[in-house]
file target-v6.txt (compact mmCIF, C-alpha atoms and all ligand atoms)
# COMPACT_ATOMS: atom_id res chain seq x y z
CA MET A 24 113.95 118.60 127.89
CA THR A 25 110.41 119.26 129.07
CA PRO A 26 108.16 120.68 126.39
CA PRO A 27 106.84 124.13 127.16
CA ASP A 28 103.54 124.09 129.03
CA GLU A 29 101.99 126.27 126.38
CA LEU A 30 102.64 123.67 123.69
CA ARG A 31 101.23 120.94 125.90
CA ALA A 32 98.09 123.02 126.47
CA ARG A 33 97.59 123.60 122.75
CA VAL A 34 98.09 119.94 121.90
CA ASP A 35 95.60 118.91 124.58
CA ASP A 36 93.11 121.54 123.51
CA VAL A 37 93.20 120.65 119.82
CA LEU A 38 93.12 116.89 120.41
CA GLY A 39 90.16 117.43 122.73
CA ARG A 40 88.32 119.44 120.09
CA ILE A 41 89.07 116.77 117.50
CA ASP A 42 87.57 114.15 119.81
CA ASP A 43 84.48 116.28 120.36
CA SER A 44 84.05 116.89 116.62
CA ALA A 45 84.37 113.19 115.89
CA ARG A 46 81.81 112.25 118.52
CA SER A 47 79.32 114.86 117.35
CA ALA A 48 79.70 113.48 113.84
CA GLY A 49 79.01 110.00 115.19
CA ARG A 50 82.55 108.89 114.41
CA ASP A 51 85.22 107.05 116.36
CA PRO A 52 88.05 109.49 117.19
CA ASP A 53 90.51 106.60 116.85
CA GLU A 54 89.95 106.48 113.10
CA ILE A 55 91.40 109.99 112.77
CA THR A 56 95.13 110.66 112.40
CA THR A 57 96.30 114.11 113.41
CA ILE A 58 99.40 115.29 111.60
CA VAL A 59 101.09 118.30 113.17
CA VAL A 60 102.51 120.52 110.43
CA THR A 61 105.86 121.83 111.71
CA LYS A 62 106.95 123.85 108.66
CA PHE A 63 109.24 126.83 109.34
CA HIS A 64 109.64 125.75 112.97
CA PRO A 65 112.96 124.49 114.32
CA GLU A 66 113.86 120.88 114.97
CA GLN A 67 113.31 121.44 118.69
CA LEU A 68 109.58 121.80 118.15
CA VAL A 69 109.51 118.35 116.61
CA ARG A 70 111.35 117.01 119.67
CA ASP A 71 108.92 118.75 122.01
CA LEU A 72 105.93 117.38 120.11
CA HIS A 73 107.38 113.89 120.18
CA ALA A 74 107.85 114.15 123.94
CA LEU A 75 104.13 114.96 124.15
CA GLY A 76 103.23 111.82 122.23
CA VAL A 77 102.87 113.23 118.70
CA ARG A 78 104.01 110.68 116.13
CA ASP A 79 102.84 112.20 112.82
CA VAL A 80 104.40 115.42 111.58
CA GLY A 81 104.09 117.24 108.27
CA GLU A 82 106.21 119.51 106.11
CA ASN A 83 105.64 121.23 102.79
CA ARG A 84 109.17 121.82 101.48
CA HIS A 85 111.61 119.06 100.69
CA GLN A 86 114.86 120.65 101.84
CA GLU A 87 113.48 121.65 105.18
CA ALA A 88 111.70 118.33 105.65
CA GLN A 89 114.80 116.34 104.77
CA ALA A 90 116.98 118.30 107.18
CA LYS A 91 114.51 117.91 110.05
CA ALA A 92 113.89 114.24 109.36
CA LEU A 93 117.64 113.60 109.47
CA ALA A 94 118.15 115.68 112.59
CA THR A 95 115.38 113.84 114.45
CA ALA A 96 116.15 110.34 113.20
CA ASP A 97 116.77 109.30 116.82
CA LEU A 98 113.08 109.80 117.73
CA ASP A 99 111.19 106.51 117.87
CA GLY A 100 108.16 105.96 115.71
CA LEU A 101 108.04 109.42 114.16
CA HIS A 102 106.32 109.55 110.75
CA TRP A 103 106.89 112.33 108.21
CA HIS A 104 104.06 113.39 105.92
CA PHE A 105 104.86 115.49 102.87
CA VAL A 106 101.99 117.91 102.22
CA GLY A 107 103.39 120.48 99.77
CA GLN A 108 104.18 120.65 96.10
CA LEU A 109 106.97 118.22 95.36
CA GLN A 110 109.38 118.67 92.48
CA SER A 111 109.85 115.49 90.50
CA LYS A 112 113.61 115.78 90.74
CA LYS A 113 113.41 115.78 94.55
CA ALA A 114 110.90 112.94 94.73
CA ARG A 115 113.42 110.15 95.05
CA GLN A 116 115.16 111.89 97.94
CA ALA A 117 111.84 112.60 99.66
CA ARG A 118 110.92 108.95 99.41
CA ALA A 119 113.81 108.12 101.73
CA TYR A 120 112.27 109.83 104.76
CA VAL A 121 108.50 110.04 104.18
CA ARG A 122 105.80 107.75 105.42
CA ALA A 123 103.26 109.44 103.14
CA VAL A 124 103.01 111.97 100.33
CA HIS A 125 99.68 113.82 100.45
CA SER A 126 100.30 115.90 97.35
CA LEU A 127 100.36 113.55 94.37
CA ASP A 128 99.10 115.95 91.72
CA ARG A 129 100.61 114.93 88.40
CA ASP A 130 102.07 111.98 86.53
CA SER A 131 105.68 113.16 86.70
CA VAL A 132 105.80 113.22 90.48
CA VAL A 133 104.07 109.83 90.71
CA ASP A 134 106.52 108.33 88.23
CA ALA A 135 109.49 109.80 90.06
CA LEU A 136 108.30 108.45 93.42
CA GLY A 137 107.70 104.94 92.16
CA VAL A 138 110.27 102.25 92.88
CA ASP A 139 110.10 98.50 92.66
CA ASP A 140 112.30 97.42 95.56
CA GLY A 141 109.69 96.01 97.94
CA THR A 142 109.37 99.20 100.02
CA THR A 143 106.17 101.23 100.05
CA ILE A 144 105.06 104.71 100.97
CA ASP A 145 101.48 105.91 101.34
CA GLY A 146 100.08 108.24 98.70
CA PHE A 147 97.14 110.63 98.56
CA VAL A 148 95.98 112.21 95.32
CA GLN A 149 95.60 115.94 95.88
CA VAL A 150 92.55 117.45 94.20
CA ASN A 151 92.16 121.12 93.42
CA LEU A 152 88.74 122.25 94.68
CA THR A 153 89.07 125.66 93.02
CA ASP A 154 89.44 126.96 89.47
CA ASP A 155 92.84 128.44 90.31
CA PRO A 156 95.57 126.13 88.99
CA GLY A 157 98.06 127.88 91.28
CA ARG A 158 96.50 126.29 94.34
CA GLY A 159 97.91 122.85 93.66
CA GLY A 160 96.21 119.55 93.05
CA VAL A 161 94.90 117.77 90.00
CA ALA A 162 91.81 119.21 88.31
CA GLU A 163 88.75 117.06 88.91
CA SER A 164 88.62 116.14 85.25
CA GLY A 165 92.01 114.48 85.62
CA LEU A 166 91.28 112.62 88.83
CA GLU A 167 90.59 109.13 87.49
CA ALA A 168 93.59 109.14 85.16
CA LEU A 169 95.92 110.14 87.98
CA VAL A 170 94.43 107.52 90.31
CA GLU A 171 95.04 104.85 87.70
CA ARG A 172 98.60 106.04 87.34
CA VAL A 173 99.24 105.74 91.08
CA VAL A 174 97.63 102.32 91.26
CA ALA A 175 99.89 101.14 88.45
CA THR A 176 103.04 102.51 90.11
CA PRO A 177 105.11 100.15 92.26
CA GLY A 178 106.06 101.29 95.74
CA ILE A 179 103.16 103.70 96.33
CA LEU A 180 100.06 102.50 98.19
CA LEU A 181 97.16 104.73 97.24
CA ARG A 182 95.35 105.64 100.44
CA GLY A 183 92.87 108.24 99.26
CA VAL A 184 92.37 111.89 98.42
CA MET A 185 93.67 115.15 99.84
CA ALA A 186 92.49 118.72 99.45
CA VAL A 187 92.73 122.19 100.92
CA ALA A 188 89.48 124.13 101.31
CA PRO A 189 89.10 127.24 99.12
CA LEU A 190 90.27 130.46 100.83
CA GLU A 191 86.81 131.99 100.70
CA GLY A 192 83.49 130.66 101.81
CA ASP A 193 82.15 127.89 104.00
CA PRO A 194 84.53 124.92 104.02
CA ARG A 195 81.80 122.39 104.76
CA PRO A 196 80.34 122.16 101.21
CA ALA A 197 83.88 121.98 99.83
CA PHE A 198 84.63 119.01 102.08
CA ALA A 199 81.28 117.42 101.19
CA HIS A 200 82.33 117.68 97.57
CA LEU A 201 85.71 116.14 98.41
CA ARG A 202 83.85 113.23 99.94
CA SER A 203 82.03 112.68 96.65
CA LEU A 204 85.40 112.71 94.88
CA SER A 205 86.60 110.11 97.38
CA ASP A 206 83.64 107.95 96.32
CA ARG A 207 84.77 108.30 92.70
CA VAL A 208 88.28 107.20 93.65
CA ARG A 209 86.99 104.19 95.56
CA ARG A 210 85.22 102.94 92.47
CA LEU A 211 88.68 102.47 90.94
CA ALA A 212 90.61 101.67 94.11
CA PRO A 213 88.29 100.33 96.83
CA GLU A 214 91.00 100.36 99.50
CA ALA A 215 91.77 104.05 98.97
CA ASP A 216 89.13 105.24 101.41
CA ARG A 217 91.08 107.84 103.42
CA ILE A 218 90.50 111.57 103.21
CA SER A 219 93.27 114.04 104.10
CA ALA A 220 91.50 117.31 104.84
CA GLY A 221 91.11 119.82 107.62
CA MET A 222 93.54 122.40 108.95
CA SER A 223 93.64 124.63 112.04
CA HIS A 224 90.51 126.58 111.17
CA ASP A 225 88.36 123.99 109.44
CA PHE A 226 89.07 120.58 110.96
CA ALA A 227 85.62 120.30 112.57
CA GLU A 228 83.94 120.70 109.16
CA ALA A 229 86.39 118.24 107.61
CA ILE A 230 85.69 115.66 110.33
CA ALA A 231 81.95 116.09 109.75
CA GLU A 232 82.57 115.18 106.09
CA GLY A 233 84.64 112.11 106.76
CA ALA A 234 88.25 113.33 107.02
CA THR A 235 90.60 110.65 108.35
CA HIS A 236 93.87 112.63 108.23
CA LEU A 237 93.96 116.17 109.61
CA ARG A 238 96.89 118.48 108.86
CA ILE A 239 97.09 120.91 111.75
CA GLY A 240 99.70 123.66 111.98
CA THR A 241 99.23 126.92 113.87
CA ALA A 242 96.46 125.75 116.22
CA ILE A 243 99.08 123.49 117.80
CA THR A 244 102.43 125.08 116.96
CA GLY A 245 101.46 128.70 117.46
CA ASN A 246 102.32 131.27 114.83
CA ARG A 247 104.88 130.22 112.27
CA PRO A 248 108.20 132.05 112.07
CA GLU A 249 108.93 133.67 108.70
CA PRO A 250 110.11 131.09 106.15
CA ARG A 251 113.87 130.95 105.79
C1 LIG A 301 100.70 124.66 106.33
C2 LIG A 301 99.75 123.63 105.87
C3 LIG A 301 98.79 123.09 106.73
C4 LIG A 301 98.56 123.59 108.15
O1 LIG A 301 97.94 124.84 108.13
P1 LIG A 301 97.38 125.57 109.45
O2 LIG A 301 96.39 126.53 108.94
O3 LIG A 301 98.56 126.20 110.10
O4 LIG A 301 96.77 124.51 110.31
C5 LIG A 301 97.96 122.10 106.23
N1 LIG A 301 98.08 121.63 104.96
C6 LIG A 301 99.00 122.11 104.12
C7 LIG A 301 99.05 121.58 102.74
C8 LIG A 301 99.87 123.12 104.54
O5 LIG A 301 100.76 123.62 103.68
call {"tool": "encode", "arguments": {"input": "target-v6.txt", "output": "structure tokens"}}
result
Amino acid sequence: MTPPDELRARVDDVLGRIDDSARSAGRDPDEITTIVVTKFHPEQLVRDLHALGVRDVGENRHQEAQAKALATADLDGLHWHFVGQLQSKKARQARAYVRAVHSLDRDSVVDALGVDDGTTIDGFVQVNLTDDPGRGGVAESGLEALVERVVATPGILLRGVMAVAPLEGDPRPAFAHLRSLSDRVRRLAPEADRISAGMSHDFAEAIAEGATHLRIGTAITGNRPEPR
């Protein structure tokens, strides 16, 4: 099936803007991975995106992610990124289909994801850039301890940090701060130099502050249907 022209236009537009933002930040666009967040959208959207060359997709709820990953298992080279809060008791199941978990935010989920069978998934420690514990992510004061936990856990390769910009205010200083937290992490884990940051409305600012993994939803997918 041919993907709708509208979707193709949005993919081209956003990828073009990502390229421009990278170049104006003096960065190589090839070092940036764009993850298209498909949450609440049907399986067909994932198929359409794949037909357009998208290979990294993201979801924030386990049940929905698992169902879509299973339903699209025939698509070559598709990688699933888990970007939402993960319940420890679902972690083992999520491990079966994810390439990466961007939302490692507490010991219990790290412990539940760990497995010593020779397989690995990528992990990002999610940091809360606000004072609101409801927004997800480890508090900055707990960052080093959580990093050490991930590093000590078999089967998870720590890649770096992840954060969502605060709802209010200029995202750029928030992403600059995230970059300083990334420096802190690299003191403990020098290889963990990736930064997962930037969404539909703030990816340019995130790229300017070193983001390597963008999580883009609506700018590419269009408005999300109501969650089911
Ligand atoms: C939904 C979601 C995104 C994408 O958001 P948009 O504003 O639609 O680009 C990115 N990151 C996380 C953690 C999300 O839950």
call {"tool": "residues_near_ligand", "arguments": {"input": "target-v6.txt", "ligand": "ligand LIG 301 (chain A)", "cutoff": "6 Å", "atoms": "only C-alpha atoms and all ligand atoms", "output": "ChimeraX atom specification"}}
result
/A:60,83,106-107,222-223,238-241
call {"tool": "axis_aligned_box", "arguments": {"input": "target-v6.txt", "around": "stretch 193-209 of chain A", "padding_each_side": "3 Å", "output": "JSON"}}
result
{"center_x": 84.3, "center_y": 116.0, "center_z": 98.7, "size_x": 13.9, "size_y": 29.7, "size_z": 18.1}
call {"tool": "residues_around", "arguments": {"input": "target-v6.txt", "residues": "A:Leu101", "least_positions_apart": "6", "cutoff": "9 Å", "atoms": "only C-alpha atoms", "output": "VMD selection string"}}
result
chain A and resid 73 77 to 80 92 95
call {"tool": "write_last_selection", "arguments": {"input": "target-v6.txt", "atoms": "C-alpha atoms", "output": "PDB file, in the coordinates of the input"}}
result
ATOM      1  CA  HIS A  73     107.380 113.890 120.180  1.00  0.00           C
ATOM      2  CA  VAL A  77     102.870 113.230 118.700  1.00  0.00           C
ATOM      3  CA  ARG A  78     104.010 110.680 116.130  1.00  0.00           C
ATOM      4  CA  ASP A  79     102.840 112.200 112.820  1.00  0.00           C
ATOM      5  CA  VAL A  80     104.400 115.420 111.580  1.00  0.00           C
ATOM      6  CA  ALA A  92     113.890 114.240 109.360  1.00  0.00           C
ATOM      7  CA  THR A  95     115.380 113.840 114.450  1.00  0.00           C
TER       8      THR A  95
END
call {"tool": "atom_distance", "arguments": {"input": "target-v6.txt", "atom1": "atom CA of A:Ala215", "atom2": "atom CA of A:Gln89"}}
result
26.7 Å
call {"tool": "atom_distance", "arguments": {"input": "target-v6.txt", "atom1": "atom CA of A:Ile144", "atom2": "atom CA of A:Leu180"}}
result
6.1 Å
call {"tool": "closest_residue", "arguments": {"input": "target-v6.txt", "among": "A:Ala119, A:Val124, A:Val69, A:Val150", "to": "A:Val138", "atoms": "all atoms listed in the file"}}
result
A:Ala119
call {"tool": "residues_near_point", "arguments": {"input": "target-v6.txt", "point": "(108.7, 122.2, 123.4)", "cutoff": "8 Å", "atoms": "all atoms listed in the file", "output": "MDAnalysis selection string"}}
result
chainID A and resid 24:28 30:31 67:72
call {"tool": "closest_residue", "arguments": {"input": "target-v6.txt", "among": "A:Thr153, A:Gln86, A:Thr244, A:Ser47", "to": "A:Thr61", "atoms": "all atoms listed in the file"}}
result
A:Thr244
call {"tool": "closest_residue", "arguments": {"input": "target-v6.txt", "among": "A:Ile179, A:Val133, A:Val170, A:Met185", "to": "A:Gly221", "atoms": "all atoms listed in the file"}}
result
A:Met185
call {"tool": "build_atoms", "arguments": {"input": "target-v6.txt", "residues": "stretch 49-64 of chain A", "atoms": "N, CA and C atoms", "output": "short mmCIF file (atom, residue, chain, number, x, y, z; two decimals), in the coordinates of the input"}}
result
data_model
loop_
_atom_site.label_atom_id
_atom_site.label_comp_id
_atom_site.auth_asym_id
_atom_site.auth_seq_id
_atom_site.Cartn_x
_atom_site.Cartn_y
_atom_site.Cartn_z
N GLY A 49 79.31 111.43 115.08
CA GLY A 49 79.01 110.00 115.19
C GLY A 49 80.17 109.13 114.74
N ARG A 50 81.38 109.65 114.88
CA ARG A 50 82.55 108.89 114.41
C ARG A 50 83.45 108.52 115.59
N ASP A 51 84.25 107.50 115.37
CA ASP A 51 85.22 107.05 116.36
C ASP A 51 86.49 107.91 116.23
N PRO A 52 86.85 108.65 117.28
CA PRO A 52 88.05 109.49 117.19
C PRO A 52 89.31 108.70 116.83
N ASP A 53 89.32 107.41 117.15
CA ASP A 53 90.51 106.60 116.85
C ASP A 53 90.74 106.40 115.36
N GLU A 54 89.74 106.66 114.54
CA GLU A 54 89.95 106.48 113.10
C GLU A 54 90.54 107.75 112.46
N ILE A 55 90.86 108.74 113.30
CA ILE A 55 91.40 109.99 112.77
C ILE A 55 92.87 110.15 113.17
N THR A 56 93.71 110.41 112.17
CA THR A 56 95.13 110.66 112.40
C THR A 56 95.38 112.16 112.35
N THR A 57 95.98 112.68 113.41
CA THR A 57 96.30 114.11 113.41
C THR A 57 97.77 114.29 113.10
N ILE A 58 98.03 114.99 112.02
CA ILE A 58 99.40 115.29 111.60
C ILE A 58 99.68 116.73 112.02
N VAL A 59 100.74 116.94 112.77
CA VAL A 59 101.09 118.30 113.17
C VAL A 59 102.08 118.86 112.15
N VAL A 60 101.67 119.92 111.47
CA VAL A 60 102.51 120.52 110.43
C VAL A 60 103.52 121.47 111.10
N THR A 61 104.79 121.13 110.98
CA THR A 61 105.86 121.83 111.71
C THR A 61 106.67 122.79 110.82
N LYS A 62 106.18 123.03 109.62
CA LYS A 62 106.95 123.85 108.66
C LYS A 62 107.38 125.19 109.26
N PHE A 63 108.58 125.58 108.93
CA PHE A 63 109.24 126.83 109.34
C PHE A 63 109.67 126.82 110.82
N HIS A 64 109.24 125.83 111.57
CA HIS A 64 109.64 125.75 112.97
C HIS A 64 110.92 124.94 113.10
#
